[in-house]
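So this one's upload_24.txt, compact mmCIF, C-alpha atoms:
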# COMPACT_ATOMS: atom_id res chain seq x y z
CA MET A 1 -43.06 17.56 104.55
CA HIS A 2 -39.96 17.55 102.34
CA ARG A 3 -36.51 17.08 103.73
CA LEU A 4 -34.54 20.26 104.22
CA PRO A 5 -31.54 20.97 101.95
CA PRO A 6 -28.98 19.70 101.26
CA TYR A 7 -30.87 17.05 99.36
CA GLU A 8 -30.10 14.31 96.86
CA PHE A 9 -31.59 11.16 95.41
CA PRO A 10 -30.13 7.63 95.81
CA GLY A 11 -26.59 7.21 94.56
CA GLY A 12 -25.85 10.88 95.03
CA LYS A 13 -27.97 11.76 91.99
CA ASN A 14 -29.93 15.00 91.85
CA LYS A 15 -32.14 14.25 88.85
CA ALA A 16 -35.07 11.83 88.67
CA VAL A 17 -37.48 10.70 85.96
CA THR A 18 -40.88 9.25 86.75
CA LEU A 19 -43.92 8.41 84.65
CA SER A 20 -47.56 7.63 85.36
CA TYR A 21 -50.25 6.22 83.07
CA ASP A 22 -53.93 5.92 83.83
CA ASP A 23 -56.87 3.53 83.43
CA GLY A 24 -55.25 0.11 82.92
CA THR A 25 -56.23 -0.52 79.31
CA ILE A 26 -54.78 -3.43 77.34
CA HIS A 27 -52.27 -1.05 75.75
CA ASP A 28 -50.40 -1.02 79.06
CA ARG A 29 -48.96 -4.36 77.97
CA ALA A 30 -47.05 -2.79 75.10
CA LEU A 31 -46.05 0.20 77.21
CA VAL A 32 -44.65 -1.98 80.01
CA SER A 33 -42.68 -4.03 77.50
CA LEU A 34 -41.17 -0.85 76.05
CA LEU A 35 -40.32 0.61 79.45
CA ASN A 36 -38.73 -2.64 80.60
CA THR A 37 -36.51 -2.71 77.53
CA TYR A 38 -34.93 0.57 78.59
CA GLY A 39 -35.14 0.29 82.37
CA VAL A 40 -37.57 3.20 82.77
CA LYS A 41 -40.01 3.00 85.70
CA CYS A 42 -43.66 3.96 85.72
CA THR A 43 -46.69 4.14 87.99
CA PHE A 44 -49.93 2.67 86.64
CA HIS A 45 -53.16 4.05 88.08
CA LEU A 46 -55.92 1.44 87.75
CA ASN A 47 -59.70 1.33 88.04
CA SER A 48 -60.37 -2.01 89.73
CA GLY A 49 -64.02 -1.96 88.63
CA LYS A 50 -62.98 -2.06 84.98
CA LEU A 51 -60.44 -4.88 85.19
CA GLY A 52 -61.41 -7.75 82.91
CA THR A 53 -63.93 -5.72 80.93
CA PRO A 54 -63.47 -5.20 77.17
CA GLY A 55 -60.37 -3.14 76.46
CA TYR A 56 -58.92 -3.44 79.97
CA ILE A 57 -56.31 -5.77 81.44
CA ALA A 58 -57.44 -8.75 83.49
CA ALA A 59 -57.23 -8.77 87.27
CA ASP A 60 -55.04 -11.87 87.30
CA GLU A 61 -52.32 -10.21 85.22
CA VAL A 62 -51.86 -7.13 87.44
CA ARG A 63 -49.07 -8.56 89.60
CA SER A 64 -46.99 -10.02 86.77
CA LEU A 65 -47.58 -7.27 84.21
CA TYR A 66 -46.61 -4.38 86.47
CA LYS A 67 -43.75 -6.12 88.29
CA GLY A 68 -40.96 -3.61 88.85
CA HIS A 69 -43.33 -0.69 88.43
CA GLU A 70 -46.02 0.67 90.77
CA VAL A 71 -49.72 -0.12 90.91
CA ALA A 72 -51.74 2.83 92.20
CA SER A 73 -55.39 3.83 92.55
CA HIS A 74 -57.57 5.72 90.08
CA THR A 75 -60.85 4.92 91.92
CA ALA A 76 -62.88 1.77 91.32
CA ASN A 77 -65.15 3.18 88.61
CA HIS A 78 -63.58 6.47 87.44
CA PRO A 79 -66.06 9.03 88.84
CA ASN A 80 -65.41 12.72 89.42
CA LEU A 81 -64.71 12.71 93.16
CA CYS A 82 -65.46 16.42 93.39
CA GLU A 83 -69.14 15.51 92.87
CA PHE A 84 -69.16 13.02 95.77
CA ASP A 85 -69.70 13.45 99.49
CA GLU A 86 -67.24 12.01 102.00
CA ALA A 87 -69.00 8.67 102.42
CA MET A 88 -69.13 8.11 98.66
CA ILE A 89 -65.47 9.05 98.23
CA VAL A 90 -64.38 6.70 101.00
CA ARG A 91 -66.47 3.86 99.59
CA GLU A 92 -65.18 4.33 96.04
CA MET A 93 -61.59 4.58 97.20
CA SER A 94 -61.68 1.80 99.78
CA GLU A 95 -63.01 -0.64 97.19
CA ASP A 96 -60.26 0.24 94.75
CA ILE A 97 -57.43 0.24 97.28
CA ALA A 98 -58.46 -3.09 98.81
CA CYS A 99 -58.77 -4.79 95.44
CA LEU A 100 -55.53 -3.42 94.00
CA THR A 101 -53.59 -4.12 97.20
CA GLU A 102 -54.60 -7.77 97.00
CA LEU A 103 -53.80 -8.01 93.29
CA ALA A 104 -50.46 -6.18 93.50
CA GLY A 105 -49.31 -7.88 96.69
CA TYR A 106 -48.34 -4.67 98.52
CA PRO A 107 -50.16 -1.67 100.03
CA VAL A 108 -51.43 0.70 97.35
CA ARG A 109 -50.81 4.28 98.49
CA GLY A 110 -50.69 6.33 95.28
CA PHE A 111 -53.51 7.96 93.34
CA SER A 112 -54.37 10.03 90.27
CA TYR A 113 -57.54 12.10 90.05
CA PRO A 114 -60.09 10.91 87.45
CA TYR A 115 -60.67 13.67 84.89
CA GLY A 116 -57.96 15.59 86.73
CA ALA A 117 -60.67 16.90 89.06
CA TYR A 118 -59.46 17.78 92.54
CA ASN A 119 -59.93 20.23 95.40
CA ASP A 120 -58.79 20.64 99.00
CA TYR A 121 -61.82 18.73 100.33
CA VAL A 122 -61.15 15.63 98.23
CA ALA A 123 -57.41 15.79 98.89
CA GLY A 124 -58.04 15.92 102.63
CA ILE A 125 -60.23 12.82 102.55
CA LEU A 126 -57.69 10.93 100.45
CA ARG A 127 -54.95 11.80 102.91
CA SER A 128 -57.09 10.63 105.83
CA ILE A 129 -57.52 7.15 104.32
CA GLY A 130 -53.80 6.63 103.72
CA ILE A 131 -53.15 7.98 100.23
CA ALA A 132 -49.58 9.33 100.15
CA TYR A 133 -49.74 11.35 96.94
CA ALA A 134 -52.26 12.27 94.25
CA ARG A 135 -51.39 13.31 90.70
CA THR A 136 -53.32 15.93 88.75
CA VAL A 137 -53.29 16.54 84.97
CA GLN A 138 -52.08 20.11 85.35
CA SER A 139 -48.76 20.19 83.52
CA THR A 140 -46.24 22.67 84.92
CA TYR A 141 -43.50 22.31 82.27
CA LYS A 142 -41.13 22.50 85.23
CA CYS A 143 -38.93 19.90 86.89
CA THR A 144 -39.56 20.53 90.56
CA LEU A 145 -40.84 18.54 93.51
CA PRO A 146 -44.47 19.30 94.43
CA GLU A 147 -45.25 21.77 97.18
CA ASP A 148 -48.00 19.35 98.25
CA PHE A 149 -47.82 15.68 97.23
CA MET A 150 -51.63 15.51 97.37
CA MET A 151 -51.67 17.90 94.43
CA TRP A 152 -48.70 16.62 92.46
CA HIS A 153 -48.66 18.44 89.13
CA PRO A 154 -46.64 16.61 86.44
CA THR A 155 -44.08 18.19 84.15
CA CYS A 156 -45.91 17.34 80.94
CA HIS A 157 -48.10 14.99 78.95
CA HIS A 158 -46.16 12.81 76.52
CA GLU A 159 -47.46 14.83 73.55
CA ASP A 160 -46.12 18.14 74.91
CA ASP A 161 -42.80 18.32 73.01
CA LEU A 162 -41.54 15.46 75.14
CA MET A 163 -38.15 15.13 73.47
CA GLY A 164 -37.43 18.85 73.56
CA MET A 165 -38.16 19.05 77.27
CA ALA A 166 -36.32 15.80 77.99
CA ARG A 167 -33.16 17.06 76.31
CA ALA A 168 -33.39 20.34 78.20
CA PHE A 169 -33.73 18.32 81.42
CA MET A 170 -30.70 16.19 80.63
CA ASN A 171 -28.67 19.33 79.94
CA MET A 172 -29.94 21.10 83.05
CA ASP A 173 -27.31 22.20 85.54
CA VAL A 174 -28.74 21.24 88.92
CA GLN A 175 -26.90 22.86 91.79
CA SER A 176 -25.56 20.75 94.63
CA GLY A 177 -28.07 20.34 97.42
CA THR A 178 -31.07 20.65 95.08
CA CYS A 179 -32.88 18.19 92.86
CA ALA A 180 -34.98 18.08 89.70
CA VAL A 181 -37.81 15.71 88.72
CA PHE A 182 -39.05 15.18 85.16
CA TYR A 183 -42.59 13.75 85.39
CA VAL A 184 -44.47 12.48 82.32
CA TRP A 185 -48.12 11.37 82.33
CA GLY A 186 -50.69 10.07 79.88
CA HIS A 187 -52.81 7.08 78.82
CA SER A 188 -51.28 4.16 76.93
CA TYR A 189 -54.28 3.92 74.59
CA GLU A 190 -53.34 7.35 73.22
CA PHE A 191 -50.23 5.84 71.61
CA ASN A 192 -52.40 3.27 69.89
CA ASP A 193 -55.16 5.67 68.84
CA ARG A 194 -52.71 8.17 67.36
CA ASN A 195 -50.15 5.66 66.11
CA ASN A 196 -47.30 7.51 67.83
CA TRP A 197 -45.57 4.87 69.93
CA ASN A 198 -42.34 6.30 68.55
CA ILE A 199 -42.72 9.22 70.98
CA MET A 200 -42.21 6.96 73.97
CA LYS A 201 -39.67 4.73 72.27
CA ASP A 202 -37.48 7.69 71.33
CA PHE A 203 -37.85 9.19 74.80
CA CYS A 204 -36.90 5.99 76.62
CA SER A 205 -34.04 5.22 74.25
CA GLU A 206 -32.42 8.61 74.73
CA ILE A 207 -33.05 9.37 78.38
CA SER A 208 -32.09 5.89 79.58
CA ARG A 209 -28.51 6.55 78.43
CA ASP A 210 -28.10 9.27 81.04
CA SER A 211 -26.45 7.63 84.04
CA SER A 212 -26.97 10.76 86.17
CA ILE A 213 -30.73 10.11 86.37
CA TRP A 214 -32.59 8.08 88.99
CA PHE A 215 -35.50 6.25 87.32
CA ALA A 216 -38.21 5.83 89.93
CA THR A 217 -41.89 5.21 90.46
CA ASN A 218 -44.08 7.93 91.95
CA ILE A 219 -44.17 6.28 95.36
CA GLU A 220 -40.38 5.80 95.40
CA ILE A 221 -39.89 9.53 94.91
CA HIS A 222 -42.51 10.37 97.54
CA ASP A 223 -41.05 7.98 100.09
CA HIS A 224 -37.47 9.08 99.51
CA VAL A 225 -38.41 12.72 99.95
CA ALA A 226 -40.53 11.93 103.00
CA GLY A 227 -37.66 9.95 104.52
CA ARG A 228 -39.58 6.69 104.79

Show me this structure written as structure tokens.
Amino acid sequence: MHRLPPYEFPGGKNKAVTLSYDDGTIHDRALVSLLNTYGVKCTFHLNSGKLGTPGYIAADEVRSLYKGHEVASHTANHPNLCEFDEAMIVREMSEDIACLTELAGYPVRGFSYPYGAYNDYVAGILRSIGIAYARTVQSTYKCTLPEDFMMWHPTCHHEDDLMGMARAFMNMDVQSGTCAVFYVWGHSYEFNDRNNWNIMKDFCSEISRDSSIWFATNIEIHDHVAGR
């Protein structure tokens, strides 16, 4: 449940920016380096079963690579959970959470749905095993907190006129007692495949200059709103 108004983020700020990127491919290395340059935070949703396989980061670099960001679950092997029964969902999730918790060095409580596939049944099971929030791939093009953190719809994918929406967000007049969240999602390999790393570089360079914004991971926003 969200806090009741009036509401603000740390430091009296009423705007927040958060990012999340899926799968844990080797291109996360370049993305983390870029984000760190500008002080922008991100959540990285990993498949523990793919760590160390061709094209994916190694298990032993998880803690150091993602330091200052958030490691979250994306299932162990990237199945569509909507096709699983409860026992299979719990097994797939428990394996991923246990492995990532050990590698990251803190409890992993965040999640993003593989293939963006979700429903109330899956969300209920995830909640019952300790997942605090779950991100979909359903872009809203809005800058609002989710009605239900187990179905957290992002603002946009990084290829959805990111700079146009970011500038509109920075110029947004947010009334006292309310807040706005700009949430970007994607996969780091997309920057490499499409040779458009400039999208993220330009975004980070411009938005990081705005001192009125709280740059946070997904779990930091969830926990602040939940009053943890």

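The nearest approach to A:Tyr183 among the residues A:Arg209, A:Lys201, A:His224, A:Lys41, with all atoms listed in the file taken into account, belongs to A:Lys41.
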
Compile the contact shell of stretch 114-127 of chain A as number ranges by chain: residues with an atom at most 12 Å away, counting all atoms listed in the file, same-chain residues fewer than 5 positions apart removed. A: 21-23, 45-47, 73-94, 97, 109, 132-139, 148-154, 185-187

Which of these residues is nearest to A:Gly39, using only C-alpha atoms: A:His69, A:Lys13, A:His27, A:Arg63?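 With only C-alpha atoms as the atom set, the closest residue is A:His69.
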
With all atoms listed in the file as the atoms that count, which of A:Phe182, A:Leu65, A:Val32, A:Asp96 lies nearest to A:Thr140?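 Result for the nearest residue to A:Thr140: A:Phe182.
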
Kindly give the distance, in Å, that separates atom CA of A:Ala16 and atom CA of A:Thr101, rounded to a single decimal.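 If I compute the distance from atom CA of A:Ala16 to atom CA of A:Thr101, I get 25.9 Å.
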
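Take the candidates A:Arg29, A:Ala216, A:Ser64, A:Ser205 and check each one against A:Val181 using only C-alpha atoms; the shortest distance goes to A:Ala216.
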
Complete the atom set of stretch 19-46 of chain A to N, CA and C atoms and return it as a short mmCIF file (atom, residue, chain, number, x, y, z; two decimals), keeping the file's coordinate frame.
data_model
loop_
_atom_site.label_atom_id
_atom_site.label_comp_id
_atom_site.auth_asym_id
_atom_site.auth_seq_id
_atom_site.Cartn_x
_atom_site.Cartn_y
_atom_site.Cartn_z
N LEU A 19 -42.79 8.38 85.56
CA LEU A 19 -43.92 8.41 84.65
C LEU A 19 -45.15 7.90 85.36
N SER A 20 -46.34 8.28 84.88
CA SER A 20 -47.56 7.63 85.36
C SER A 20 -48.60 7.60 84.24
N TYR A 21 -49.25 6.45 84.12
CA TYR A 21 -50.25 6.22 83.07
C TYR A 21 -51.52 5.67 83.69
N ASP A 22 -52.63 6.17 83.20
CA ASP A 22 -53.93 5.92 83.83
C ASP A 22 -54.80 4.90 83.11
N ASP A 23 -55.71 4.31 83.89
CA ASP A 23 -56.87 3.53 83.43
C ASP A 23 -56.67 2.03 83.32
N GLY A 24 -55.46 1.54 82.99
CA GLY A 24 -55.25 0.11 82.92
C GLY A 24 -55.82 -0.56 81.69
N THR A 25 -55.75 0.10 80.54
CA THR A 25 -56.23 -0.52 79.31
C THR A 25 -55.22 -1.55 78.82
N ILE A 26 -55.63 -2.36 77.85
CA ILE A 26 -54.78 -3.43 77.34
C ILE A 26 -53.49 -2.90 76.70
N HIS A 27 -53.47 -1.63 76.37
CA HIS A 27 -52.27 -1.05 75.75
C HIS A 27 -51.14 -0.87 76.76
N ASP A 28 -51.46 -1.03 78.05
CA ASP A 28 -50.40 -1.02 79.06
C ASP A 28 -49.40 -2.15 78.82
N ARG A 29 -49.86 -3.23 78.22
CA ARG A 29 -48.96 -4.36 77.97
C ARG A 29 -47.79 -3.94 77.08
N ALA A 30 -48.10 -3.24 76.01
CA ALA A 30 -47.05 -2.79 75.10
C ALA A 30 -46.19 -1.72 75.75
N LEU A 31 -46.81 -0.85 76.55
CA LEU A 31 -46.05 0.20 77.21
C LEU A 31 -45.08 -0.39 78.23
N VAL A 32 -45.53 -1.35 79.02
CA VAL A 32 -44.65 -1.98 80.01
C VAL A 32 -43.47 -2.66 79.31
N SER A 33 -43.75 -3.35 78.23
CA SER A 33 -42.68 -4.03 77.50
C SER A 33 -41.63 -3.02 77.02
N LEU A 34 -42.08 -1.89 76.52
CA LEU A 34 -41.17 -0.85 76.05
C LEU A 34 -40.35 -0.27 77.20
N LEU A 35 -41.01 0.05 78.30
CA LEU A 35 -40.32 0.61 79.45
C LEU A 35 -39.29 -0.36 80.00
N ASN A 36 -39.65 -1.63 80.07
CA ASN A 36 -38.73 -2.64 80.60
C ASN A 36 -37.49 -2.79 79.73
N THR A 37 -37.65 -2.62 78.45
CA THR A 37 -36.51 -2.71 77.53
C THR A 37 -35.44 -1.69 77.88
N TYR A 38 -35.88 -0.52 78.33
CA TYR A 38 -34.93 0.57 78.59
C TYR A 38 -34.70 0.85 80.08
N GLY A 39 -35.36 0.10 80.95
CA GLY A 39 -35.14 0.29 82.37
C GLY A 39 -35.77 1.55 82.93
N VAL A 40 -36.86 2.01 82.31
CA VAL A 40 -37.57 3.20 82.77
C VAL A 40 -38.76 2.76 83.62
N LYS A 41 -38.94 3.40 84.78
CA LYS A 41 -40.01 3.00 85.70
C LYS A 41 -41.25 3.86 85.54
N CYS A 42 -42.39 3.28 85.90
CA CYS A 42 -43.66 3.96 85.72
C CYS A 42 -44.63 3.55 86.82
N THR A 43 -45.58 4.43 87.09
CA THR A 43 -46.69 4.14 87.99
C THR A 43 -47.95 4.00 87.15
N PHE A 44 -48.71 2.93 87.40
CA PHE A 44 -49.93 2.67 86.64
C PHE A 44 -51.14 2.79 87.56
N HIS A 45 -51.98 3.77 87.27
CA HIS A 45 -53.16 4.05 88.08
C HIS A 45 -54.35 3.29 87.48
N LEU A 46 -54.91 2.36 88.27
CA LEU A 46 -55.92 1.44 87.75
C LEU A 46 -57.29 1.66 88.37
#
